[in-house]
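Trainee: This one is work23.txt, compact mmCIF, C-alpha atoms and all ligand atoms.
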```txt
# COMPACT_ATOMS: atom_id res chain seq x y z
CA MET H 1 -28.88 -51.04 12.21
CA ILE H 2 -27.24 -49.95 15.46
CA GLY H 3 -24.55 -48.16 13.44
CA ARG H 4 -27.22 -46.23 11.57
CA TRP H 5 -28.96 -45.36 14.81
CA VAL H 6 -25.71 -44.10 16.30
CA SER H 7 -24.93 -41.98 13.26
CA ASN H 8 -28.49 -40.70 13.34
CA PHE H 9 -27.97 -39.80 16.98
CA GLY H 10 -24.77 -38.02 15.96
CA ARG H 11 -26.68 -36.03 13.38
CA LEU H 12 -29.31 -35.15 15.97
CA ARG H 13 -26.54 -33.87 18.19
CA ARG H 14 -25.55 -31.51 15.42
CA ALA H 15 -29.11 -30.38 14.68
CA GLY H 16 -28.90 -27.63 17.28
CA ARG H 17 -31.20 -25.19 15.60
CA ARG H 18 -34.05 -27.67 15.49
CA THR H 19 -33.52 -28.74 19.09
CA ASN H 20 -33.85 -25.08 20.05
CA LEU H 21 -37.01 -24.70 18.00
CA ALA H 22 -38.52 -27.85 19.47
CA LEU H 23 -37.64 -26.70 22.97
CA LEU H 24 -39.22 -23.30 22.39
CA VAL H 25 -42.43 -24.80 20.99
CA VAL H 26 -42.66 -27.28 23.85
CA LEU H 27 -41.98 -24.62 26.52
CA LEU H 28 -44.64 -22.32 25.05
CA ALA H 29 -47.11 -25.22 24.89
CA ALA H 30 -46.33 -26.16 28.50
CA ALA H 31 -46.94 -22.55 29.60
CA ALA H 32 -50.20 -22.31 27.63
CA THR H 33 -51.58 -25.61 28.95
CA GLY H 34 -50.48 -24.63 32.46
CA GLY H 35 -52.61 -21.47 32.22
CA LEU H 36 -55.53 -23.44 30.77
CA ALA H 37 -55.25 -26.04 33.54
CA PHE H 38 -55.76 -23.24 36.09
CA ALA H 39 -58.82 -22.03 34.20
CA ALA H 40 -60.44 -25.46 33.77
CA GLY H 41 -62.85 -26.38 36.56
CA THR H 42 -64.90 -29.30 35.22
CA PRO H 43 -63.42 -32.83 34.95
CA VAL H 44 -63.10 -33.37 31.18
CA PRO H 45 -61.37 -30.10 30.16
CA ALA H 46 -59.30 -30.35 33.35
CA LYS H 47 -58.11 -33.87 32.54
CA ILE H 48 -57.21 -32.90 28.95
CA THR H 49 -55.25 -29.79 29.94
CA THR H 50 -53.38 -31.35 32.88
CA LEU H 51 -52.46 -34.38 30.77
CA ALA H 52 -51.23 -32.17 27.92
CA HIS H 53 -49.33 -30.03 30.44
CA GLY H 54 -47.60 -33.12 31.85
CA VAL H 55 -46.69 -34.42 28.40
CA PHE H 56 -45.21 -31.07 27.28
CA GLY H 57 -43.31 -30.80 30.55
CA LEU H 58 -41.82 -34.26 30.03
CA ALA H 59 -40.95 -33.37 26.43
CA VAL H 60 -38.82 -30.54 27.88
CA VAL H 61 -37.03 -33.10 30.06
CA LEU H 62 -36.47 -35.44 27.10
CA LEU H 63 -34.85 -32.60 25.11
CA ILE H 64 -32.33 -31.85 27.88
CA PRO H 65 -29.52 -34.14 26.52
CA TRP H 66 -29.67 -32.43 23.12
CA LYS H 67 -29.86 -28.95 24.59
CA ALA H 68 -26.94 -29.82 26.89
CA VAL H 69 -24.76 -30.47 23.82
CA ILE H 70 -25.64 -27.01 22.47
CA VAL H 71 -24.98 -25.36 25.82
CA LYS H 72 -21.58 -27.09 26.08
CA ARG H 73 -20.62 -25.67 22.66
CA THR H 74 -21.13 -22.04 23.70
CA GLN H 75 -17.98 -20.23 24.83
CA VAL H 76 -19.49 -17.86 27.36
CA LEU H 77 -22.63 -18.49 29.34
CA ARG H 78 -24.23 -15.17 30.25
CA ALA H 79 -25.61 -14.66 33.74
CA ALA H 80 -29.07 -14.24 32.24
CA SER H 81 -28.79 -17.66 30.61
CA LEU H 82 -27.67 -19.27 33.87
CA ILE H 83 -30.60 -17.73 35.71
CA LEU H 84 -32.95 -18.93 32.96
CA ILE H 85 -31.57 -22.49 33.28
CA ALA H 86 -31.96 -22.33 37.07
CA LEU H 87 -35.55 -21.04 36.84
CA ILE H 88 -36.58 -23.75 34.40
CA ALA H 89 -34.89 -26.39 36.57
CA ILE H 90 -36.76 -25.07 39.65
CA CYS H 91 -40.00 -25.03 37.66
CA MET H 92 -39.58 -28.64 36.49
CA THR H 93 -38.50 -29.90 39.93
CA SER H 94 -41.38 -28.23 41.76
CA GLY H 95 -43.75 -29.68 39.12
CA PHE H 96 -42.54 -33.20 39.96
CA VAL H 97 -42.71 -32.48 43.71
CA GLU H 98 -46.29 -31.22 43.33
CA VAL H 99 -47.40 -34.34 41.43
CA PHE H 100 -45.54 -37.02 43.43
CA LEU H 101 -45.32 -35.57 46.96
CA GLY H 102 -48.51 -33.52 46.88
CA TYR H 103 -49.60 -30.32 48.58
CA GLY H 104 -47.52 -29.02 51.45
CA VAL H 105 -45.98 -25.80 52.68
CA LEU H 106 -42.25 -25.23 53.06
CA TRP H 107 -40.91 -21.77 53.95
CA ARG H 108 -44.51 -20.51 53.47
CA LEU H 109 -44.56 -21.71 49.85
CA SER H 110 -46.39 -24.62 48.22
CA PRO H 111 -44.79 -26.56 45.32
CA MET H 112 -47.41 -25.05 42.99
CA GLN H 113 -46.49 -21.50 44.02
CA VAL H 114 -42.84 -22.23 43.29
CA HIS H 115 -43.80 -23.91 39.99
CA VAL H 116 -45.92 -21.02 38.71
CA GLY H 117 -43.68 -18.32 40.21
CA SER H 118 -40.52 -19.65 38.57
CA ALA H 119 -42.36 -20.07 35.24
CA LEU H 120 -43.57 -16.45 35.34
CA LEU H 121 -40.07 -15.20 36.23
CA ALA H 122 -38.62 -17.22 33.33
CA VAL H 123 -40.90 -15.52 30.76
CA PRO H 124 -38.96 -12.22 30.41
CA LEU H 125 -35.60 -14.06 30.39
CA LEU H 126 -36.79 -16.54 27.78
CA THR H 127 -38.13 -13.70 25.63
CA LEU H 128 -34.75 -11.95 25.87
CA HIS H 129 -32.95 -15.21 25.07
CA VAL H 130 -35.09 -15.86 21.98
CA LEU H 131 -34.65 -12.27 20.76
CA GLN H 132 -30.86 -12.56 21.10
CA HIS H 133 -30.87 -15.75 19.01
CA ARG H 134 -33.52 -14.74 16.49
CA ARG H 135 -31.19 -15.62 13.59
CA GLN H 136 -32.51 -19.16 14.09
CA ARG H 137 -35.51 -18.69 11.83
CA LEU H 138 -37.99 -21.30 10.77
CA ARG H 139 -37.01 -22.91 7.45
CA ARG H 140 -39.02 -24.86 4.92
CA VAL H 141 -37.14 -28.09 5.70
CA ASP H 142 -38.47 -27.79 9.26
CA LEU H 143 -41.69 -29.26 7.92
CA SER H 144 -40.01 -32.16 6.10
CA ARG H 145 -41.12 -35.74 6.66
CA ARG H 146 -38.09 -36.59 8.77
CA VAL H 147 -38.72 -33.69 11.11
CA LEU H 148 -42.39 -34.62 11.45
CA LEU H 149 -41.25 -38.14 12.24
CA ARG H 150 -38.89 -36.87 14.95
CA THR H 151 -41.71 -34.75 16.38
CA GLY H 152 -43.78 -37.91 16.49
CA VAL H 153 -40.98 -39.81 18.26
CA LEU H 154 -40.59 -37.02 20.84
CA THR H 155 -44.35 -36.94 21.45
CA ALA H 156 -44.54 -40.73 21.79
CA GLY H 157 -41.54 -40.64 24.14
CA ALA H 158 -43.18 -38.00 26.32
CA VAL H 159 -46.52 -39.86 26.41
CA ALA H 160 -44.75 -43.14 27.26
CA THR H 161 -42.72 -41.42 30.01
CA TYR H 162 -45.96 -39.99 31.40
CA GLY H 163 -47.51 -43.46 31.47
CA ILE H 164 -44.43 -45.01 33.10
CA LEU H 165 -44.25 -42.31 35.81
CA GLU H 166 -47.99 -42.70 36.53
CA GLY H 167 -47.42 -46.44 36.88
CA ILE H 168 -44.41 -46.02 39.20
CA GLY H 169 -46.42 -43.53 41.29
CA ARG H 170 -49.21 -46.08 41.62
CA LEU H 171 -46.83 -48.92 42.54
CA LEU H 172 -45.08 -46.84 45.18
CA GLY H 173 -48.40 -45.67 46.60
CA SER H 174 -47.54 -42.04 45.83
CA THR H 175 -50.21 -39.37 46.32
CA SER H 176 -49.92 -38.88 42.54
CA ALA H 177 -52.17 -41.92 42.04
CA SER H 178 -55.17 -40.41 43.82
CA ARG H 179 -55.12 -36.90 42.42
CA ILE H 180 -58.35 -35.75 40.70
CA ALA H 181 -58.82 -34.51 37.11
CA THR H 182 -57.42 -31.05 37.88
CA GLY H 183 -54.35 -32.67 39.47
CA SER H 184 -55.31 -31.61 43.01
CA HIS H 185 -54.62 -33.71 46.11
CA ARG H 186 -57.20 -34.37 48.85
CA LEU H 187 -57.26 -32.42 52.11
CA SER H 188 -59.67 -33.05 54.97
CA PRO H 189 -62.13 -30.14 55.51
CA ALA H 190 -60.45 -29.33 58.82
CA ALA H 191 -57.00 -29.08 57.20
CA VAL H 192 -58.00 -26.51 54.55
CA PRO H 193 -55.78 -23.43 54.88
CA ALA H 194 -57.26 -19.90 54.72
CA THR H 195 -56.17 -19.20 51.17
CA ILE H 196 -55.35 -15.85 49.64
CA TRP H 197 -55.03 -15.69 45.84
CA LEU H 198 -52.36 -12.96 45.70
CA PHE H 199 -52.36 -9.82 47.84
CA ASP H 200 -55.74 -9.83 49.55
CA GLN H 201 -56.02 -9.72 53.36
CA ILE H 202 -58.50 -11.15 55.85
CA PRO H 203 -60.82 -8.22 56.72
CA ASP H 204 -62.66 -7.73 59.98
CA VAL H 205 -66.35 -7.82 59.02
CA GLY H 206 -68.96 -7.19 61.74
CA THR H 207 -71.88 -9.61 62.26
CA ASP H 208 -74.34 -6.78 61.48
CA HIS H 209 -72.97 -7.02 57.93
CA GLN H 210 -75.55 -6.98 55.12
CA VAL H 211 -75.10 -8.35 51.63
CA ASP H 212 -76.53 -6.35 48.74
CA VAL H 213 -78.00 -8.77 46.17
CA ALA H 214 -79.12 -6.84 43.08
CA GLY H 215 -80.28 -3.95 45.25
CA THR H 216 -81.92 -5.97 48.06
CA LYS H 217 -80.12 -6.10 51.40
CA PHE H 218 -79.91 -9.43 53.21
CA SER H 219 -78.69 -9.80 56.78
CA VAL H 220 -76.56 -12.79 57.68
CA THR H 221 -79.51 -14.30 59.63
CA ASP H 222 -81.81 -13.80 56.56
CA LEU H 223 -79.37 -15.74 54.43
CA ALA H 224 -78.79 -18.44 57.04
CA SER H 225 -82.55 -18.99 57.52
CA ARG H 226 -82.98 -19.56 53.77
CA SER H 227 -80.02 -21.94 53.61
CA THR H 228 -79.71 -25.68 53.18
CA THR H 229 -76.76 -28.03 53.63
CA LEU H 230 -74.73 -28.56 50.51
CA ALA H 231 -71.83 -30.91 49.82
CA ALA H 232 -69.35 -29.09 47.60
CA ARG H 233 -65.77 -29.54 46.47
CA LEU H 234 -63.42 -26.59 46.87
CA ASP H 235 -60.54 -27.14 44.44
CA CYS H 236 -57.73 -24.63 44.87
CA THR H 237 -55.17 -24.09 42.11
CA SER H 238 -52.42 -24.36 44.72
CA GLY H 239 -52.85 -28.14 44.50
CA TRP H 240 -55.44 -29.30 47.04
CA TYR H 241 -59.17 -29.96 47.11
CA ALA H 242 -61.59 -30.62 49.96
CA ASP H 243 -65.07 -32.12 50.02
CA ALA H 244 -67.03 -30.36 52.75
CA GLU H 245 -70.53 -29.53 53.98
CA TRP H 246 -71.57 -25.93 53.53
CA THR H 247 -74.62 -24.07 54.76
CA ALA H 248 -75.70 -22.02 51.76
CA VAL H 249 -78.51 -20.44 49.77
CA ASN H 250 -78.73 -20.64 45.97
CA LEU H 251 -78.22 -17.32 44.13
CA ALA H 252 -81.05 -18.11 41.68
CA ASP H 253 -83.40 -18.01 44.71
CA LEU H 254 -82.22 -14.53 45.67
CA LEU H 255 -81.95 -12.82 42.27
CA PRO H 256 -85.17 -11.49 40.64
CA ALA H 257 -85.73 -13.75 37.59
CA ASP H 258 -86.70 -10.93 35.21
CA GLN H 259 -83.61 -8.85 36.07
CA LEU H 260 -81.42 -11.93 35.80
CA ALA H 261 -82.80 -12.68 32.32
CA ALA H 262 -82.06 -9.12 31.20
CA ALA H 263 -78.47 -9.01 32.54
CA ALA H 264 -75.24 -10.10 30.85
CA SER H 265 -73.34 -11.24 33.94
CA ILE H 266 -73.41 -11.64 37.71
CA GLU H 267 -70.60 -9.84 39.51
CA VAL H 268 -69.67 -10.91 43.04
CA ILE H 269 -67.67 -8.33 44.99
CA SER H 270 -65.79 -8.74 48.27
CA VAL H 271 -65.50 -6.06 50.95
CA THR H 272 -61.78 -6.23 50.05
CA ARG H 273 -62.56 -5.36 46.37
CA TYR H 274 -61.63 -8.88 45.18
CA ARG H 275 -64.24 -9.71 42.53
CA ARG H 276 -65.33 -12.28 39.91
CA ARG H 277 -67.90 -12.11 37.11
CA PHE H 278 -70.08 -15.10 36.09
CA PRO H 279 -72.42 -15.82 33.14
CA THR H 280 -76.08 -15.36 34.19
CA GLY H 281 -76.78 -18.98 33.16
CA GLU H 282 -74.69 -20.10 36.14
CA ALA H 283 -76.91 -18.48 38.80
CA ASP H 284 -78.29 -21.85 39.94
CA SER H 285 -74.80 -23.24 40.55
CA LEU H 286 -73.68 -20.26 42.66
CA TRP H 287 -74.33 -20.16 46.41
CA LEU H 288 -73.95 -17.71 49.26
CA ALA H 289 -72.59 -19.62 52.24
CA THR H 290 -72.73 -18.70 55.91
CA GLY H 291 -71.60 -22.03 57.38
CA TYR H 292 -68.87 -24.65 57.02
CA GLN H 293 -69.04 -28.17 58.47
CA GLY H 294 -72.08 -27.25 60.59
CA GLU H 295 -70.51 -24.13 62.10
CA PRO H 296 -70.64 -20.45 61.21
CA LEU H 297 -67.84 -19.40 58.84
CA LYS H 298 -64.53 -18.33 60.42
CA ALA H 299 -62.85 -15.08 59.35
CA GLY H 300 -60.26 -16.80 57.15
CA ARG H 301 -62.95 -18.96 55.51
CA GLY H 302 -64.86 -15.83 54.34
CA ALA H 303 -67.06 -14.82 57.29
CA PRO H 304 -69.76 -13.85 57.45
CA VAL H 305 -70.77 -14.61 53.82
CA ARG H 306 -68.75 -16.16 50.99
CA LEU H 307 -69.53 -17.49 47.53
CA LEU H 308 -69.49 -21.16 46.50
CA ALA H 309 -68.96 -21.88 42.80
CA PRO H 310 -68.71 -25.71 42.69
CA ARG H 311 -68.19 -25.85 38.91
CA ARG H 312 -65.16 -23.58 39.16
CA ARG H 313 -61.71 -23.52 40.76
CA GLY H 314 -61.19 -21.99 44.20
CA PHE H 315 -60.22 -18.50 43.07
CA TRP H 316 -63.84 -17.97 41.92
CA TRP H 317 -65.19 -18.63 45.44
CA VAL H 318 -65.18 -14.95 46.52
CA LYS H 319 -64.85 -14.57 50.30
CA TRP H 320 -66.29 -11.76 52.50
CA VAL H 321 -69.04 -10.99 49.97
CA GLU H 322 -70.28 -7.39 50.08
CA SER H 323 -72.52 -7.36 47.02
CA VAL H 324 -73.85 -9.37 44.10
CA LYS H 325 -74.58 -7.20 41.08
CA LEU H 326 -76.39 -7.86 37.82
CA SER H 327 -74.36 -6.21 35.12
CA ASP H 328 -74.45 -5.35 31.39
CA VAL H 329 -70.79 -6.33 30.98
CA PRO H 330 -70.36 -9.87 29.62
CA ALA H 331 -68.64 -12.44 31.84
CA TRP H 332 -65.54 -12.54 29.59
CA GLY H 333 -65.02 -8.82 30.24
CA GLN H 334 -62.55 -9.46 33.06
CA SER H 335 -59.02 -10.66 33.61
CA PRO H 336 -58.99 -14.50 33.37
CA PHE H 337 -57.37 -14.58 36.81
CA PRO H 338 -57.84 -12.12 39.71
CA LEU H 339 -55.11 -9.49 39.96
CA THR H 340 -55.56 -8.82 43.67
N1 LIG B 401 -61.86 -12.00 48.72
C1 LIG B 401 -61.13 -13.10 48.42
N2 LIG B 401 -61.75 -14.25 48.14
C2 LIG B 401 -61.02 -15.37 47.83
C3 LIG B 401 -59.60 -15.33 47.82
C4 LIG B 401 -58.97 -14.09 48.10
O1 LIG B 401 -57.72 -13.98 48.10
N3 LIG B 401 -59.75 -13.01 48.42
N4 LIG B 401 -58.89 -16.49 47.52
C5 LIG B 401 -59.59 -17.47 46.70
C6 LIG B 401 -58.89 -18.75 46.60
S1 LIG B 401 -57.50 -18.77 45.63
C7 LIG B 401 -59.38 -19.91 47.12
S2 LIG B 401 -58.67 -21.41 46.83
C8 LIG B 401 -60.51 -19.89 48.06
C9 LIG B 401 -60.03 -20.48 49.35
O2 LIG B 401 -61.04 -20.56 50.30
P1 LIG B 401 -60.64 -20.94 51.80
O3 LIG B 401 -59.73 -19.86 52.30
O4 LIG B 401 -61.91 -21.06 52.50
O5 LIG B 401 -59.87 -22.24 51.70
O6 LIG B 401 -61.01 -18.60 48.28
C10 LIG B 401 -61.02 -17.72 47.18
N5 LIG B 401 -61.69 -16.51 47.55
MO MO B 402 -56.91 -20.96 45.33
```
Show the structure stored in the file as structure tokens.
Ligand SMILES: Nc1nc2c(c(=O)[nH]1)N[C@H]1C(S)=C(S)[C@@H](COP(=O)(O)O)O[C@H]1N2
Ligand SMILES: [Mo]

Mentor:
Amino acid sequence: MIGRWVSNFGRLRRAGRRTNLALLVVLLAAAATGGLAFAAGTPVPAKITTLAHGVFGLAVVLLIPWKAVIVKRTQVLRAASLILIALIAICMTSGFVEVFLGYGVLWRLSPMQVHVGSALLAVPLLTLHVLQHRRQRLRRVDLSRRVLLRTGVLTAGAVATYGILEGIGRLLGSTSASRIATGSHRLSPAAVPATIWLFDQIPDVGTDHQVDVAGTKFSVTDLASRSTTLAARLDCTSGWYADAEWTAVNLADLLPADQLAAAASIEVISVTRYRRRFPTGEADSLWLATGYQGEPLKAGRGAPVRLLAPRRRGFWWVKWVESVKLSDVPAWGQSPFPLT
């Protein structure tokens, strides 16, 4: 029995081409679920994508011993390959740091920024790497029973590892145990950083600012006087969430119903040109906020008026709102993530 297992292991060590294929599939799946996890805002899709992302990530780790054998066999390691290895190692490490140590900032970077940044940098190198080794084509035997079995064993191994790590995290009282469906860690409302998605900058908006909502201008006092207090969860993709009290007015109360019914999407535009487009059916879950924790908004928080989109991740919560437009362009007619 053990002898057979060992010889099987030996054979696996020689099955380099399939290790490479498995690794490629698992890396692509990890990247895809990572992107989907950023897009998911509601609990069920978020839980599914973050769980899948974790399992694919762990499958990469489990394949390391096999890949190491292949790497040891190569005579010359190109610089590009070394950089690729380093980027993937940084990506995996920062993923673990994010889950088990939580949100924090070191040298102005959060673990999530390092995680996503290294993954994005690895994409061109991985593409190059795969193109250079494209002789390793898919073969019919790749779908044989034994290979399917091995795929099953790898999947089961990754799922079991996920479960064990979750358990260890819980036992050690790690912050990993209390993260929510999207994977985010809790921050107190006062600790929330002024967050910029990519290249935007905090503008200086005067208090005489008016917001144009489908052609009607509202002053900040107009909006504030129509507002109520709303408890909402801001869940940033950089790995934190905060439950806070906002002073806000519902967009469905500001938009003319007939125009809303005739439009294809609601576009919310910042004075900085940062913008997001929403389906018209979401009007009653979108809010224009003028206050945070009982006080007027601060500049970094989006003063004087910012959007709340409680069903969506933080990057949808447009700050420094200049206008809300009803548009003929459907909501999917935009980049899935802001580019500014
Ligand atoms: N105009 C504009 N709005 C923006 C951003 C931005 O960079 N520019 N960042 C978004 C992101 S990524 C998040 S998480 C929230 C953060 O809100 P906060 O700064 O109040 O924490 O604002 C969103 N709204
Ligand atoms: Mo964010």

Trainee: At what distance in Å, to one decimal, does atom CA of Glu166 of chain H lie from atom O5 of ligand LIG 401 (chain B)?

Mentor: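 It comes out at 28.1 Å.
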
Trainee: Neighbours of ligand LIG 401 (chain B) within 6 Å, counting all atoms listed in the file, as a PyMOL selection string?

Mentor: chain H and resi 192-198+200+236+270+272+274+300-301+314-320

Trainee: Show me a table, sorted first by chain and then by increasing residue number, of the residues of segment 191-283 of chain H having an atom at most 12 Å from segment 324-328 of chain H, each with its shortest atom pair and the distance in Å to one decimal, counting all atoms listed in the file and written as a Markdown table.

Mentor:
```
| residue | atom | partner | partner_atom | distance |
| --- | --- | --- | --- | --- |
| H:Gln210 | CA | H:Val324 | CA | 11.4 |
| H:Val211 | CA | H:Val324 | CA | 7.7 |
| H:Asp212 | CA | H:Val324 | CA | 6.2 |
| H:Val213 | CA | H:Val324 | CA | 4.7 |
| H:Ala214 | CA | H:Lys325 | CA | 5.0 |
| H:Gly215 | CA | H:Lys325 | CA | 7.8 |
| H:Thr216 | CA | H:Val324 | CA | 9.6 |
| H:Lys217 | CA | H:Val324 | CA | 10.2 |
| H:Phe218 | CA | H:Val324 | CA | 10.9 |
| H:Leu251 | CA | H:Val324 | CA | 9.1 |
| H:Ala252 | CA | H:Val324 | CA | 11.6 |
| H:Leu254 | CA | H:Val324 | CA | 10.0 |
| H:Leu255 | CA | H:Leu326 | CA | 8.7 |
| H:Pro256 | CA | H:Leu326 | CA | 9.9 |
| H:Ala257 | CA | H:Leu326 | CA | 11.0 |
| H:Asp258 | CA | H:Leu326 | CA | 11.1 |
| H:Gln259 | CA | H:Leu326 | CA | 7.5 |
| H:Leu260 | CA | H:Leu326 | CA | 6.8 |
| H:Ala261 | CA | H:Leu326 | CA | 9.7 |
| H:Ala262 | CA | H:Asp328 | CA | 8.5 |
| H:Ala263 | CA | H:Asp328 | CA | 5.6 |
| H:Ala264 | CA | H:Asp328 | CA | 4.8 |
| H:Ser265 | CA | H:Ser327 | CA | 5.3 |
| H:Ile266 | CA | H:Leu326 | CA | 4.8 |
| H:Glu267 | CA | H:Lys325 | CA | 5.0 |
| H:Val268 | CA | H:Val324 | CA | 4.6 |
| H:Ile269 | CA | H:Val324 | CA | 6.3 |
| H:Ser270 | CA | H:Val324 | CA | 9.1 |
| H:Val271 | CA | H:Val324 | CA | 11.3 |
| H:Arg275 | CA | H:Val324 | CA | 9.7 |
| H:Arg276 | CA | H:Val324 | CA | 9.9 |
| H:Arg277 | CA | H:Ser327 | CA | 9.0 |
| H:Phe278 | CA | H:Leu326 | CA | 9.8 |
| H:Pro279 | CA | H:Ser327 | CA | 10.0 |
| H:Thr280 | CA | H:Leu326 | CA | 8.3 |
| H:Ala283 | CA | H:Leu326 | CA | 10.7 |
```

Trainee: Please provide the set of residues having any atom within 6 Å of Ala248 of chain H, restricted to all atoms listed in the file, with same-chain residues fewer than 3 positions apart removed, written as a VMD selection string.

Mentor: chain H and resid 227 to 228 287 to 289

Trainee: Please produce a file of those selected residues containing C-alpha atoms, as an mmCIF file, in the frame of the given file.

Mentor:
```
data_model
loop_
_atom_site.group_PDB
_atom_site.id
_atom_site.type_symbol
_atom_site.label_atom_id
_atom_site.label_comp_id
_atom_site.auth_asym_id
_atom_site.auth_seq_id
_atom_site.Cartn_x
_atom_site.Cartn_y
_atom_site.Cartn_z
ATOM 1 C CA SER H 227 -80.020 -21.940 53.610
ATOM 2 C CA THR H 228 -79.710 -25.680 53.180
ATOM 3 C CA TRP H 287 -74.330 -20.160 46.410
ATOM 4 C CA LEU H 288 -73.950 -17.710 49.260
ATOM 5 C CA ALA H 289 -72.590 -19.620 52.240
#
```

Trainee: If you measure from atom CA of Val61 of chain H to atom CA of Thr127 of chain H, what distance in Å do you get, rounded to one decimal?

Mentor: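 So the two atoms, atom CA of Val61 of chain H and atom CA of Thr127 of chain H, lie 19.9 Å apart.
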